[in-house]
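Since the structure comes first, as structure tokens, the remarks are kept for the end.
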Amino acid sequence: MENKKIINIITKSFADVLSDAEQDSLDLWVSESIQNKRKYAEYKRLWEQAKILATHDEIDVEKALIDTKGKIKEFKTKKGINFWVPRAAAAVLLLFSLAFGFDYFSNAMGFSETETQTVLQEVKAMHGTRTKLLLADGSGVWLNSGSILRFPISFDNLNERKVELIGEGYFEVSKNAEKPFIVKTSDIDVKVYGTAFNVSAYGEDDATIVALVEGKVSLEKESQGGREELAVLAPNEVVEFSKKNLALHRIPNVKMAKYTGWREGYMVFYGDPIDVVTQRLEKWFNISIEIDKALENYRFTATIQNESLEQVLELLSMSSPMHYEIEPAKLKEDNTYSPRKVKLAIN
């Protein structure tokens, strides 16, 4: 049976949503060899270790998320931190996939007895939301709006703790000198052994920014000869990696809250140009902003916490000759709504 087909059937069997025909196919596949029987037993063990259902169309995903988060104390909201899940749509989309014949950290293929089966997990903070999760090694991760983290459900049989980040995340890594923790982004990797730091690596941004709160991290990049160390950061240092120039730049006079404040529910601007301000507002409020070129020379300093979009725009208008218009969300053909659109212009 084709890999993808049996993967789908096995996944559905763990969720108890198999049809009679699919159950017959699974029974036949398991009975074909001792190896298949062993594999099914191993995948079932790994699945039960995950303690959550797969996101199949026939499963009530929101109910599964609510039930699971109620059982896992690390997912519960901490007082004073604005992590939340709206009732109408899950703020965190948990996608689990079995590495059936695939190893995330190698190019192994097929069904050999020696291959490593790795259960992969993906967590996404939907636009306009933030969330927290706890990894198997005890490391804590906060994800900002629209960010995705991919990671194995267990690091036990791996030489390194490698995760992949798309977007922005704050990490508090559990110490393990023998097994480094690596945050992989599209441009650079952040290698640590136990520390706290923030990584901003949104695909649409011009640069990847790493801010070290405590501990020590090294920034690395793959090269023809293996891996190249680009820089080593000390506490309270921030480095920006330009995607265009492929060069590192250390940011002077760091205000760390500017890079980490989002984790506690607020945004901080220190003399930032309007394009930087609007980029962060777009992610924070899940909106689209159109800027008048006459505003490009203005810079803003502000701390924003719990304000609505209208209140934020009013504050910006009070500190500059700017006015704004908000266009309401529009219903699209697929019955979803487009983000609200904001227009900023000089009075």
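All residue names refer to the structure tokens as shown: chains lettered A, B, ... in order, residues numbered from 1 in each chain, ligands numbered from 1 in order.
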List the spatial neighbours of region 305-320 of chain A as a list in words - criterion: any atom at most 8 Å away, only C-alpha atoms, same-chain residues fewer than 3 positions off excluded. Gly265, Tyr266, Met267, Phe285, Tyr298, Phe300, His323 and Tyr324 of chain A
Determine, counting only C-alpha atoms, which protein, DNA and RNA residues have an atom within 10 Å of an atom of region 235-241 of chain A; residues of the same chain fewer than 3 positions away are not included. Present the result as a PyMOL selection string. chain A and resi 187-188+195-201+206-217+219+230-232+244-256+259
Output the selection as an mmCIF file, in the first residue's frame - N, CA and C atoms for each residue.
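Done, and the output landed in part07.cif:
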data_model
loop_
_atom_site.group_PDB
_atom_site.id
_atom_site.type_symbol
_atom_site.label_atom_id
_atom_site.label_comp_id
_atom_site.auth_asym_id
_atom_site.auth_seq_id
_atom_site.Cartn_x
_atom_site.Cartn_y
_atom_site.Cartn_z
ATOM 1 N N ASP A 187 16.968 32.036 7.174
ATOM 2 C CA ASP A 187 18.235 32.697 6.854
ATOM 3 C C ASP A 187 19.399 32.264 7.739
ATOM 4 N N ILE A 188 19.176 32.216 9.030
ATOM 5 C CA ILE A 188 20.245 31.841 9.959
ATOM 6 C C ILE A 188 19.683 30.902 11.017
ATOM 7 N N THR A 195 19.153 29.153 27.693
ATOM 8 C CA THR A 195 19.165 30.615 27.747
ATOM 9 C C THR A 195 17.783 31.145 27.415
ATOM 10 N N ALA A 196 17.627 32.473 27.399
ATOM 11 C CA ALA A 196 16.370 33.129 27.043
ATOM 12 C C ALA A 196 16.651 34.156 25.957
ATOM 13 N N PHE A 197 15.894 34.099 24.879
ATOM 14 C CA PHE A 197 16.149 34.993 23.759
ATOM 15 C C PHE A 197 14.909 35.105 22.877
ATOM 16 N N ASN A 198 14.917 36.123 22.018
ATOM 17 C CA ASN A 198 13.803 36.354 21.092
ATOM 18 C C ASN A 198 14.332 36.309 19.659
ATOM 19 N N VAL A 199 13.565 35.677 18.785
ATOM 20 C CA VAL A 199 13.913 35.605 17.363
ATOM 21 C C VAL A 199 12.727 36.105 16.548
ATOM 22 N N SER A 200 12.972 37.101 15.700
ATOM 23 C CA SER A 200 11.944 37.599 14.781
ATOM 24 C C SER A 200 12.380 37.274 13.370
ATOM 25 N N ALA A 201 11.648 36.377 12.698
ATOM 26 C CA ALA A 201 12.046 35.899 11.371
ATOM 27 C C ALA A 201 10.837 35.766 10.456
ATOM 28 N N ASP A 206 12.476 42.503 6.198
ATOM 29 C CA ASP A 206 13.766 42.671 5.515
ATOM 30 C C ASP A 206 14.919 42.021 6.269
ATOM 31 N N ALA A 207 14.714 41.736 7.537
ATOM 32 C CA ALA A 207 15.821 41.209 8.347
ATOM 33 C C ALA A 207 15.307 40.221 9.387
ATOM 34 N N THR A 208 16.210 39.344 9.825
ATOM 35 C CA THR A 208 15.966 38.460 10.960
ATOM 36 C C THR A 208 16.679 39.067 12.161
ATOM 37 N N ILE A 209 15.953 39.215 13.278
ATOM 38 C CA ILE A 209 16.509 39.897 14.453
ATOM 39 C C ILE A 209 16.548 38.931 15.638
ATOM 40 N N VAL A 210 17.709 38.840 16.282
ATOM 41 C CA VAL A 210 17.872 37.990 17.456
ATOM 42 C C VAL A 210 18.247 38.879 18.641
ATOM 43 N N ALA A 211 17.470 38.779 19.709
ATOM 44 C CA ALA A 211 17.711 39.570 20.925
ATOM 45 C C ALA A 211 17.951 38.614 22.087
ATOM 46 N N LEU A 212 19.120 38.706 22.705
ATOM 47 C CA LEU A 212 19.478 37.802 23.800
ATOM 48 C C LEU A 212 19.197 38.454 25.151
ATOM 49 N N VAL A 213 18.349 37.810 25.943
ATOM 50 C CA VAL A 213 17.997 38.323 27.263
ATOM 51 C C VAL A 213 19.001 37.848 28.302
ATOM 52 N N GLU A 214 19.280 36.550 28.309
ATOM 53 C CA GLU A 214 20.252 35.996 29.253
ATOM 54 C C GLU A 214 20.891 34.753 28.653
ATOM 55 N N GLY A 215 22.092 34.413 29.142
ATOM 56 C CA GLY A 215 22.799 33.250 28.639
ATOM 57 C C GLY A 215 23.732 33.605 27.496
ATOM 58 N N LYS A 216 23.856 32.705 26.541
ATOM 59 C CA LYS A 216 24.770 32.891 25.420
ATOM 60 C C LYS A 216 24.245 32.131 24.216
ATOM 61 N N VAL A 217 24.290 32.760 23.050
ATOM 62 C CA VAL A 217 23.875 32.097 21.812
ATOM 63 C C VAL A 217 24.882 32.398 20.715
ATOM 64 N N LEU A 219 25.143 32.577 16.388
ATOM 65 C CA LEU A 219 24.392 32.621 15.144
ATOM 66 C C LEU A 219 25.205 31.914 14.077
ATOM 67 N N LEU A 230 28.624 33.016 12.639
ATOM 68 C CA LEU A 230 28.602 34.414 12.243
ATOM 69 C C LEU A 230 28.847 35.363 13.407
ATOM 70 N N ALA A 231 28.334 35.013 14.573
ATOM 71 C CA ALA A 231 28.471 35.899 15.729
ATOM 72 C C ALA A 231 28.107 35.152 17.005
ATOM 73 N N VAL A 232 28.623 35.652 18.123
ATOM 74 C CA VAL A 232 28.261 35.150 19.448
ATOM 75 C C VAL A 232 27.690 36.325 20.232
ATOM 76 N N LYS A 244 18.869 41.054 2.460
ATOM 77 C CA LYS A 244 19.322 41.585 1.177
ATOM 78 C C LYS A 244 20.838 41.549 1.064
ATOM 79 N N ASN A 245 21.532 42.030 2.105
ATOM 80 C CA ASN A 245 22.990 42.117 2.067
ATOM 81 C C ASN A 245 23.684 40.890 2.653
ATOM 82 N N LEU A 246 22.910 40.016 3.309
ATOM 83 C CA LEU A 246 23.459 38.823 3.964
ATOM 84 C C LEU A 246 24.561 39.203 4.951
ATOM 85 N N ALA A 247 24.305 40.277 5.699
ATOM 86 C CA ALA A 247 25.298 40.787 6.640
ATOM 87 C C ALA A 247 24.668 41.023 8.006
ATOM 88 N N LEU A 248 25.499 40.883 9.052
ATOM 89 C CA LEU A 248 25.053 41.102 10.423
ATOM 90 C C LEU A 248 25.318 42.540 10.856
ATOM 91 N N HIS A 249 24.430 43.045 11.689
ATOM 92 C CA HIS A 249 24.586 44.392 12.234
ATOM 93 C C HIS A 249 24.150 44.369 13.690
ATOM 94 N N ARG A 250 25.056 44.755 14.584
ATOM 95 C CA ARG A 250 24.703 44.822 16.007
ATOM 96 C C ARG A 250 24.006 46.148 16.280
ATOM 97 N N ILE A 251 22.870 46.079 16.939
ATOM 98 C CA ILE A 251 22.068 47.276 17.195
ATOM 99 C C ILE A 251 22.519 47.928 18.496
ATOM 100 N N PRO A 252 22.945 49.202 18.447
ATOM 101 C CA PRO A 252 23.429 49.878 19.665
ATOM 102 C C PRO A 252 22.278 50.396 20.529
ATOM 103 N N ASN A 253 22.613 50.725 21.772
ATOM 104 C CA ASN A 253 21.655 51.351 22.703
ATOM 105 C C ASN A 253 20.340 50.582 22.758
ATOM 106 N N VAL A 254 20.460 49.316 23.082
ATOM 107 C CA VAL A 254 19.310 48.412 23.025
ATOM 108 C C VAL A 254 18.281 48.711 24.112
ATOM 109 N N LYS A 255 17.019 48.767 23.721
ATOM 110 C CA LYS A 255 15.885 48.784 24.644
ATOM 111 C C LYS A 255 15.217 47.419 24.517
ATOM 112 N N MET A 256 15.568 46.488 25.404
ATOM 113 C CA MET A 256 15.157 45.097 25.242
ATOM 114 C C MET A 256 13.645 44.926 25.187
ATOM 115 N N TYR A 259 11.901 44.428 21.891
ATOM 116 C CA TYR A 259 11.967 43.141 21.207
ATOM 117 C C TYR A 259 11.232 42.027 21.947
#
Using only C-alpha atoms, determine which residues lie at most 7 Å from Glu220 (chain A), disregarding the query and same-chain residues fewer than 6 positions distant; provide the list as JSON, numbers by chain. {"A": [188, 189, 190, 227, 228, 229, 230]}
I need the chosen residues saved as an mmCIF file, in the first residue's frame, with N, CA and C atoms.
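After the write, out_24.cif holds the following:
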data_model
loop_
_atom_site.group_PDB
_atom_site.id
_atom_site.type_symbol
_atom_site.label_atom_id
_atom_site.label_comp_id
_atom_site.auth_asym_id
_atom_site.auth_seq_id
_atom_site.Cartn_x
_atom_site.Cartn_y
_atom_site.Cartn_z
ATOM 1 N N ILE A 188 19.176 32.216 9.030
ATOM 2 C CA ILE A 188 20.245 31.841 9.959
ATOM 3 C C ILE A 188 19.683 30.902 11.017
ATOM 4 N N ASP A 189 20.609 30.238 11.733
ATOM 5 C CA ASP A 189 20.233 29.370 12.838
ATOM 6 C C ASP A 189 20.769 29.954 14.141
ATOM 7 N N VAL A 190 20.012 29.773 15.211
ATOM 8 C CA VAL A 190 20.427 30.234 16.535
ATOM 9 C C VAL A 190 20.716 28.993 17.377
ATOM 10 N N ARG A 227 29.147 24.387 8.543
ATOM 11 C CA ARG A 227 28.432 25.451 9.217
ATOM 12 C C ARG A 227 29.406 26.557 9.599
ATOM 13 N N GLU A 228 29.009 27.791 9.371
ATOM 14 C CA GLU A 228 29.839 28.952 9.657
ATOM 15 C C GLU A 228 29.249 29.738 10.822
ATOM 16 N N GLU A 229 30.075 30.021 11.816
ATOM 17 C CA GLU A 229 29.612 30.831 12.951
ATOM 18 C C GLU A 229 29.739 32.297 12.580
ATOM 19 N N LEU A 230 28.624 33.016 12.639
ATOM 20 C CA LEU A 230 28.602 34.414 12.243
ATOM 21 C C LEU A 230 28.847 35.363 13.407
#
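In this model, the gap between CA of Thr336 (chain A) and CA of Glu282 (chain A) comes to 18.2 Å.
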Nearest to Trp284 (chain A), restricted to only C-alpha atoms and choosing among A:Lys221, A:Lys5, A:Arg130, A:Lys243, comes out as A:Arg130
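When CA of Asp205 (chain A) is paired with CA of Ile289 (chain A), their separation reads 15.0 Å.
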Shell of 12 Å around Pro180 (chain A), only C-alpha atoms, local chain residues under 3 positions omitted, as a PyMOL selection string: chain A and resi 137+155+158-163+173-177+183+189-195+216-218
Could you please take those selected residues and save C-alpha atoms as a PDB file, in the first residue's frame?
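See out_6.pdb below for the written result:
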ATOM      1  CA  ASP A 137      12.593  18.945  27.126  1.00  0.00           C
ATOM      2  CA  PHE A 155      14.106  14.765  21.562  1.00  0.00           C
ATOM      3  CA  LEU A 158      18.151  12.888  18.624  1.00  0.00           C
ATOM      4  CA  ASN A 159      21.633  14.400  18.897  1.00  0.00           C
ATOM      5  CA  GLU A 160      20.298  17.953  18.947  1.00  0.00           C
ATOM      6  CA  ARG A 161      17.070  19.726  19.804  1.00  0.00           C
ATOM      7  CA  LYS A 162      16.245  21.351  16.484  1.00  0.00           C
ATOM      8  CA  VAL A 163      13.075  23.363  15.875  1.00  0.00           C
ATOM      9  CA  VAL A 173      15.531  26.909  26.750  1.00  0.00           C
ATOM     10  CA  SER A 174      16.116  24.136  29.251  1.00  0.00           C
ATOM     11  CA  LYS A 175      19.846  23.579  29.840  1.00  0.00           C
ATOM     12  CA  ASN A 176      21.469  20.486  28.330  1.00  0.00           C
ATOM     13  CA  ALA A 177      25.182  20.811  27.564  1.00  0.00           C
ATOM     14  CA  VAL A 183      16.249  27.437  16.213  1.00  0.00           C
ATOM     15  CA  ASP A 189      20.233  29.370  12.838  1.00  0.00           C
ATOM     16  CA  VAL A 190      20.427  30.234  16.535  1.00  0.00           C
ATOM     17  CA  LYS A 191      22.374  27.683  18.592  1.00  0.00           C
ATOM     18  CA  VAL A 192      22.052  27.608  22.380  1.00  0.00           C
ATOM     19  CA  TYR A 193      22.486  25.277  25.355  1.00  0.00           C
ATOM     20  CA  GLY A 194      20.213  26.997  27.855  1.00  0.00           C
ATOM     21  CA  THR A 195      19.165  30.615  27.747  1.00  0.00           C
ATOM     22  CA  LYS A 216      24.770  32.891  25.420  1.00  0.00           C
ATOM     23  CA  VAL A 217      23.875  32.097  21.812  1.00  0.00           C
ATOM     24  CA  SER A 218      25.769  31.747  18.564  1.00  0.00           C
TER      25      SER A 218
END
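Within region 141-317 of chain A, DSSP applied to the backbone places the following residues in alpha helix (DSSP H): A:Ala257, A:Lys258, A:Tyr259, A:Thr260, A:Ile274, A:Asp275, A:Val276, A:Val277, A:Thr278, A:Gln279, A:Arg280, A:Leu281, A:Glu282, A:Lys283, A:Trp284, A:Phe285, A:Leu309, A:Glu310, A:Gln311, A:Val312, A:Leu313, A:Glu314, A:Leu315, A:Leu316, A:Ser317.
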